[in-house]
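Data file: start35.cif. Format and content: mmCIF, C-alpha atoms and all ligand atoms.
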data_entry
#
loop_
_atom_site.group_PDB
_atom_site.id
_atom_site.type_symbol
_atom_site.label_atom_id
_atom_site.label_comp_id
_atom_site.auth_asym_id
_atom_site.auth_seq_id
_atom_site.Cartn_x
_atom_site.Cartn_y
_atom_site.Cartn_z
ATOM 1 C CA MET A 1 93.788 111.618 92.780
ATOM 2 C CA ARG A 2 92.224 114.578 94.647
ATOM 3 C CA GLY A 3 92.649 117.827 92.739
ATOM 4 C CA TYR A 4 93.220 116.139 89.416
ATOM 5 C CA GLU A 5 89.769 114.616 88.878
ATOM 6 C CA GLY A 6 88.712 114.911 85.265
ATOM 7 C CA ARG A 7 91.997 116.494 84.247
ATOM 8 C CA VAL A 8 94.115 113.370 84.019
ATOM 9 C CA ARG A 9 93.808 110.656 81.386
ATOM 10 C CA LEU A 10 94.301 107.051 82.486
ATOM 11 C CA PRO A 11 97.596 105.661 81.195
ATOM 12 C CA GLN A 12 97.320 103.703 77.978
ATOM 13 C CA ARG A 13 99.480 101.117 76.258
ATOM 14 C CA LYS A 14 99.951 102.395 72.737
ATOM 15 C CA THR A 15 100.277 99.044 70.989
ATOM 16 C CA ARG A 16 98.940 95.536 71.558
ATOM 17 C CA LEU A 17 102.271 94.249 72.928
ATOM 18 C CA SER A 18 103.641 97.379 74.621
ATOM 19 C CA ALA A 19 104.771 96.453 78.132
ATOM 20 C CA GLY A 20 104.459 99.970 79.526
ATOM 21 C CA TYR A 21 101.491 102.177 80.304
ATOM 22 C CA ASP A 22 102.448 105.711 79.271
ATOM 23 C CA LEU A 23 102.133 108.238 82.108
ATOM 24 C CA GLU A 24 101.361 111.842 81.258
ATOM 25 C CA ALA A 25 102.471 115.011 83.032
ATOM 26 C CA ALA A 26 99.482 116.438 84.893
ATOM 27 C CA GLU A 27 100.989 119.935 84.870
ATOM 28 C CA GLU A 28 103.496 121.854 82.767
ATOM 29 C CA VAL A 29 106.980 121.621 84.336
ATOM 30 C CA THR A 30 110.183 123.379 83.264
ATOM 31 C CA ILE A 31 113.437 121.746 84.378
ATOM 32 C CA PRO A 32 116.567 123.932 84.373
ATOM 33 C CA PRO A 33 119.725 122.280 82.992
ATOM 34 C CA GLY A 34 121.316 119.929 85.516
ATOM 35 C CA GLN A 35 118.312 120.065 87.836
ATOM 36 C CA VAL A 36 115.732 117.519 88.987
ATOM 37 C CA ALA A 37 111.979 118.120 88.992
ATOM 38 C CA LEU A 38 109.179 115.941 90.337
ATOM 39 C CA VAL A 39 106.609 115.815 87.552
ATOM 40 C CA PRO A 40 103.133 115.135 88.978
ATOM 41 C CA THR A 41 100.998 112.525 87.218
ATOM 42 C CA GLY A 42 97.772 113.028 89.166
ATOM 43 C CA LEU A 43 97.621 109.242 89.416
ATOM 44 C CA LYS A 44 97.816 106.557 92.055
ATOM 45 C CA ALA A 45 97.973 102.827 91.420
ATOM 46 C CA TYR A 46 96.388 99.926 93.273
ATOM 47 C CA MET A 47 98.050 96.554 92.852
ATOM 48 C CA GLY A 48 98.378 93.155 94.497
ATOM 49 C CA GLU A 49 100.627 92.624 97.511
ATOM 50 C CA ASP A 50 103.266 90.871 95.403
ATOM 51 C CA GLU A 51 103.148 93.399 92.571
ATOM 52 C CA VAL A 52 105.158 96.533 91.898
ATOM 53 C CA LEU A 53 104.832 99.279 89.301
ATOM 54 C CA LEU A 54 108.227 100.021 87.772
ATOM 55 C CA LEU A 55 108.700 103.373 86.071
ATOM 56 C CA ALA A 56 111.071 103.878 83.183
ATOM 57 C CA VAL A 57 111.557 107.038 81.165
ATOM 58 C CA ARG A 58 110.270 106.932 77.592
ATOM 59 C CA SER A 59 113.392 106.375 75.523
ATOM 60 C CA SER A 60 112.389 109.189 73.151
ATOM 61 C CA LEU A 61 112.691 111.664 76.022
ATOM 62 C CA ALA A 62 116.146 110.373 76.877
ATOM 63 C CA VAL A 63 117.465 110.329 73.328
ATOM 64 C CA LYS A 64 115.825 113.431 71.885
ATOM 65 C CA ARG A 65 115.593 115.670 74.962
ATOM 66 C CA ARG A 66 118.351 114.352 77.307
ATOM 67 C CA LEU A 67 115.886 113.801 80.113
ATOM 68 C CA ALA A 68 116.316 110.826 82.444
ATOM 69 C CA LEU A 69 114.800 109.491 85.637
ATOM 70 C CA ALA A 70 116.928 110.913 88.443
ATOM 71 C CA ASN A 71 116.433 107.605 90.276
ATOM 72 C CA GLY A 72 117.159 105.440 87.241
ATOM 73 C CA ILE A 73 113.999 103.443 87.630
ATOM 74 C CA GLY A 74 110.969 104.296 89.754
ATOM 75 C CA VAL A 75 109.646 101.686 92.171
ATOM 76 C CA ILE A 76 105.996 102.301 93.064
ATOM 77 C CA ASP A 77 105.138 100.091 96.005
ATOM 78 C CA ALA A 78 101.713 98.558 96.493
ATOM 79 C CA ASP A 79 101.438 100.207 99.930
ATOM 80 C CA TYR A 80 102.066 103.670 98.477
ATOM 81 C CA ALA A 81 98.442 104.033 97.332
ATOM 82 C CA ASP A 82 96.317 106.023 99.799
ATOM 83 C CA ASN A 83 99.290 106.727 102.088
ATOM 84 C CA PRO A 84 98.501 109.487 104.619
ATOM 85 C CA ASP A 85 101.023 111.954 103.217
ATOM 86 C CA ASN A 86 100.132 112.228 99.541
ATOM 87 C CA GLU A 87 97.441 109.651 98.777
ATOM 88 C CA GLY A 88 99.961 107.677 96.711
ATOM 89 C CA HIS A 89 100.511 110.388 94.118
ATOM 90 C CA ILE A 90 102.912 108.970 91.546
ATOM 91 C CA LEU A 91 105.678 111.479 90.771
ATOM 92 C CA VAL A 92 108.177 111.210 87.935
ATOM 93 C CA ALA A 93 111.630 112.455 89.011
ATOM 94 C CA LEU A 94 113.151 113.825 85.808
ATOM 95 C CA VAL A 95 116.710 115.143 85.596
ATOM 96 C CA ASN A 96 117.692 117.469 82.776
ATOM 97 C CA LEU A 97 121.056 116.287 81.454
ATOM 98 C CA GLY A 98 121.032 118.922 78.736
ATOM 99 C CA THR A 99 122.383 122.467 78.660
ATOM 100 C CA GLU A 100 119.047 124.248 78.092
ATOM 101 C CA PRO A 101 115.869 124.374 80.201
ATOM 102 C CA ALA A 102 113.434 121.579 79.263
ATOM 103 C CA THR A 103 109.703 122.216 79.381
ATOM 104 C CA ILE A 104 107.346 119.290 79.810
ATOM 105 C CA ALA A 105 103.901 120.168 78.511
ATOM 106 C CA CYS A 106 100.784 119.242 80.438
ATOM 107 C CA GLY A 107 99.593 115.950 78.975
ATOM 108 C CA GLU A 108 103.005 114.997 77.570
ATOM 109 C CA ARG A 109 103.829 111.306 78.020
ATOM 110 C CA VAL A 110 106.995 111.304 80.121
ATOM 111 C CA ALA A 111 107.353 107.802 81.534
ATOM 112 C CA GLN A 112 106.020 104.302 81.202
ATOM 113 C CA GLY A 113 104.804 102.085 84.003
ATOM 114 C CA ILE A 114 105.268 98.318 83.930
ATOM 115 C CA PHE A 115 103.484 96.091 86.462
ATOM 116 C CA VAL A 116 105.733 93.290 87.676
ATOM 117 C CA ARG A 117 105.212 90.465 90.162
ATOM 118 C CA TYR A 118 108.136 90.142 92.609
ATOM 119 C CA LEU A 119 109.385 87.529 95.087
ATOM 120 C CA THR A 120 110.449 88.004 98.712
ATOM 121 C CA VAL A 121 112.678 86.047 101.076
ATOM 122 C CA ALA A 122 110.926 83.188 102.962
ATOM 123 C CA GLY A 123 109.491 84.325 106.295
ATOM 124 C CA ASP A 124 110.076 87.995 105.553
ATOM 125 C CA GLN A 125 107.329 89.883 107.391
ATOM 126 C CA PRO A 126 108.312 93.573 107.861
ATOM 127 C CA GLY A 127 105.911 95.414 110.154
ATOM 128 C CA GLY A 128 106.414 99.003 109.026
ATOM 129 C CA LEU A 129 103.489 100.942 107.620
ATOM 130 C CA ARG A 130 104.137 103.252 104.673
ATOM 131 C CA THR A 131 103.464 106.871 105.562
ATOM 132 C CA GLY A 132 104.565 108.476 102.312
ATOM 133 C CA GLY A 133 107.185 108.337 99.622
ATOM 134 C CA ILE A 134 110.599 109.601 98.549
ATOM 135 C CA GLY A 135 112.411 108.942 101.832
ATOM 136 C CA SER A 136 109.451 108.460 104.176
ATOM 137 C CA THR A 137 111.017 105.426 105.855
ATOM 138 C CA GLY A 138 114.075 107.461 106.803
ATOM 139 C CA THR A 139 117.734 106.855 106.060
ATOM 140 C CA ALA A 140 118.947 104.414 108.744
HETATM 141 O O1 LIG A 201 109.946 107.512 90.780
HETATM 142 C C1 LIG A 201 109.324 107.357 91.842
HETATM 143 C C2 LIG A 201 109.806 106.548 92.894
HETATM 144 C C3 LIG A 201 109.045 106.410 94.035
HETATM 145 N N1 LIG A 201 107.851 107.071 94.136
HETATM 146 C C4 LIG A 201 107.029 106.871 95.327
HETATM 147 C C5 LIG A 201 106.354 105.514 95.276
HETATM 148 C C6 LIG A 201 107.146 104.663 96.226
HETATM 149 O O2 LIG A 201 106.327 103.671 96.839
HETATM 150 C C7 LIG A 201 107.677 105.665 97.214
HETATM 151 C C8 LIG A 201 109.010 105.278 97.808
HETATM 152 O O3 LIG A 201 109.908 105.099 96.756
HETATM 153 P P1 LIG A 201 111.366 104.527 97.075
HETATM 154 O O4 LIG A 201 111.237 103.383 98.015
HETATM 155 O O5 LIG A 201 112.054 104.354 95.799
HETATM 156 O O6 LIG A 201 112.061 105.751 97.793
HETATM 157 P P2 LIG A 201 112.697 105.812 99.230
HETATM 158 O O7 LIG A 201 113.668 106.911 99.242
HETATM 159 O O8 LIG A 201 113.139 104.448 99.660
HETATM 160 O O9 LIG A 201 111.435 106.271 100.054
HETATM 161 P P3 LIG A 201 110.705 105.481 101.243
HETATM 162 O O10 LIG A 201 111.638 105.602 102.408
HETATM 163 O O11 LIG A 201 109.403 106.231 101.382
HETATM 164 O O12 LIG A 201 110.513 104.047 100.786
HETATM 165 O O13 LIG A 201 107.833 106.891 96.486
HETATM 166 C C9 LIG A 201 107.366 107.865 93.125
HETATM 167 O O14 LIG A 201 106.283 108.425 93.212
HETATM 168 N N2 LIG A 201 108.110 107.990 91.998
HETATM 169 MG MG MG A 202 111.784 102.786 99.816
#

Show me, as structure tokens, the structure contained in the file I just sent.
Amino acid sequence: MRGYEGRVRLPQRKTRLSAGYDLEAAEEVTIPPGQVALVPTGLKAYMGEDEVLLLAVRSSLAVKRRLALANGIGVIDADYADNPDNEGHILVALVNLGTEPATIACGERVAQGIFVRYLTVAGDQPGGLRTGGIGSTGTA
């Protein structure tokens, strides 16, 4: 990801049978209580056309620091990579459910990404081209 070269470590699975690749914060972010912050990862992900990268918060963050994904689970689409708006920069939307500001350190593992193969309805051929993320296809 432009601007993060050499500063971002590739996600790792920490054990032989861990399903998730741990994603690190690429910058320090402080989230006021009750607020949402988009934590940059400095990463983009290429995957097959029938694959998706699902993001879940690390349970330790939820239990010990009352941080959750504002969107419950992140869905990183295969056509998000190299989109014209942000190059497919994967952002982790954390909400602070606590009563004190929460500071995420640069390099802290905040989420885990799980690659999943998904099915679609027969004959489903949408023509739209992804131009970005987080609402880029509009609301209607
Ligand atoms: O936690 C997330 C969720 C999504 N995204 C990026 C990747 C995804 O491909 C894109 C769109 O996500 P989603 O479809 O969940 O959001 P939307 O509100 O439907 O946006 P869009 O209209 O762009 O599809 O935003 C992230 O970086 N982090
Ligand atoms: Mg969408």

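Using only C-alpha atoms and all ligand atoms as the basis for the distance check, residues found within 6 Å of ligand LIG 201 (chain A) are A:Gly74, A:Val75, A:Ile76, A:Asp77, A:Tyr80, A:Ile90, A:Leu91, A:Val92, A:Ala93, A:Gly132, A:Gly133, A:Ile134, A:Gly135, A:Ser136, A:Thr137, A:Gly138.
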
Judged by only C-alpha atoms, the minimum distance to Glu49 in chain A among A:Thr120, A:Asn96, A:Asn86, A:Thr103 is found for A:Thr120

Kindly compute an axis-aligned box around the listed atoms of range 44-50 of chain A, allowing 5 Å on each side, and express its centre and edge lengths in Å to one decimal as AutoDock Vina command-line options.
--center_x 99.8 --center_y 98.7 --center_z 94.5 --size_x 16.9 --size_y 25.7 --size_z 16.1

Quick one: which residues end up in the PyMOL selection byres (((chain A and resi 107) around 8) and not hetatm) for this structure, as a ChimeraX atom specification?
/A:8,24-27,105-106,108-109

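With all atoms listed in the file as the atoms that count, the residue of A:Ala19, A:Val121, A:Leu67, A:Met47 with the shortest distance to Ile104 in chain A is A:Leu67.
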
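Considering only C-alpha atoms and all ligand atoms, the residue among A:Arg130, A:Lys44, A:Lys64, A:Arg9 positioned nearest to ligand MG 202 (chain A) is A:Arg130.
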
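A straight line drawn from CA of Ser59 in chain A to CA of Ala111 in chain A is 8.6 Å long.
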
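With all atoms listed in the file as the atoms that count, the residue of A:Gly128, A:Leu23, A:Arg65, A:Val110 with the shortest distance to Pro11 in chain A is A:Leu23.
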
Point out the residue among A:Leu94, A:Ala78, A:Ala122, A:Leu38 with the least atom-to-atom distance to ligand MG 202 (chain A), counting all atoms listed in the file.
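Checking each candidate against ligand MG 202 (chain A), we get A:Ala78 as the closest.
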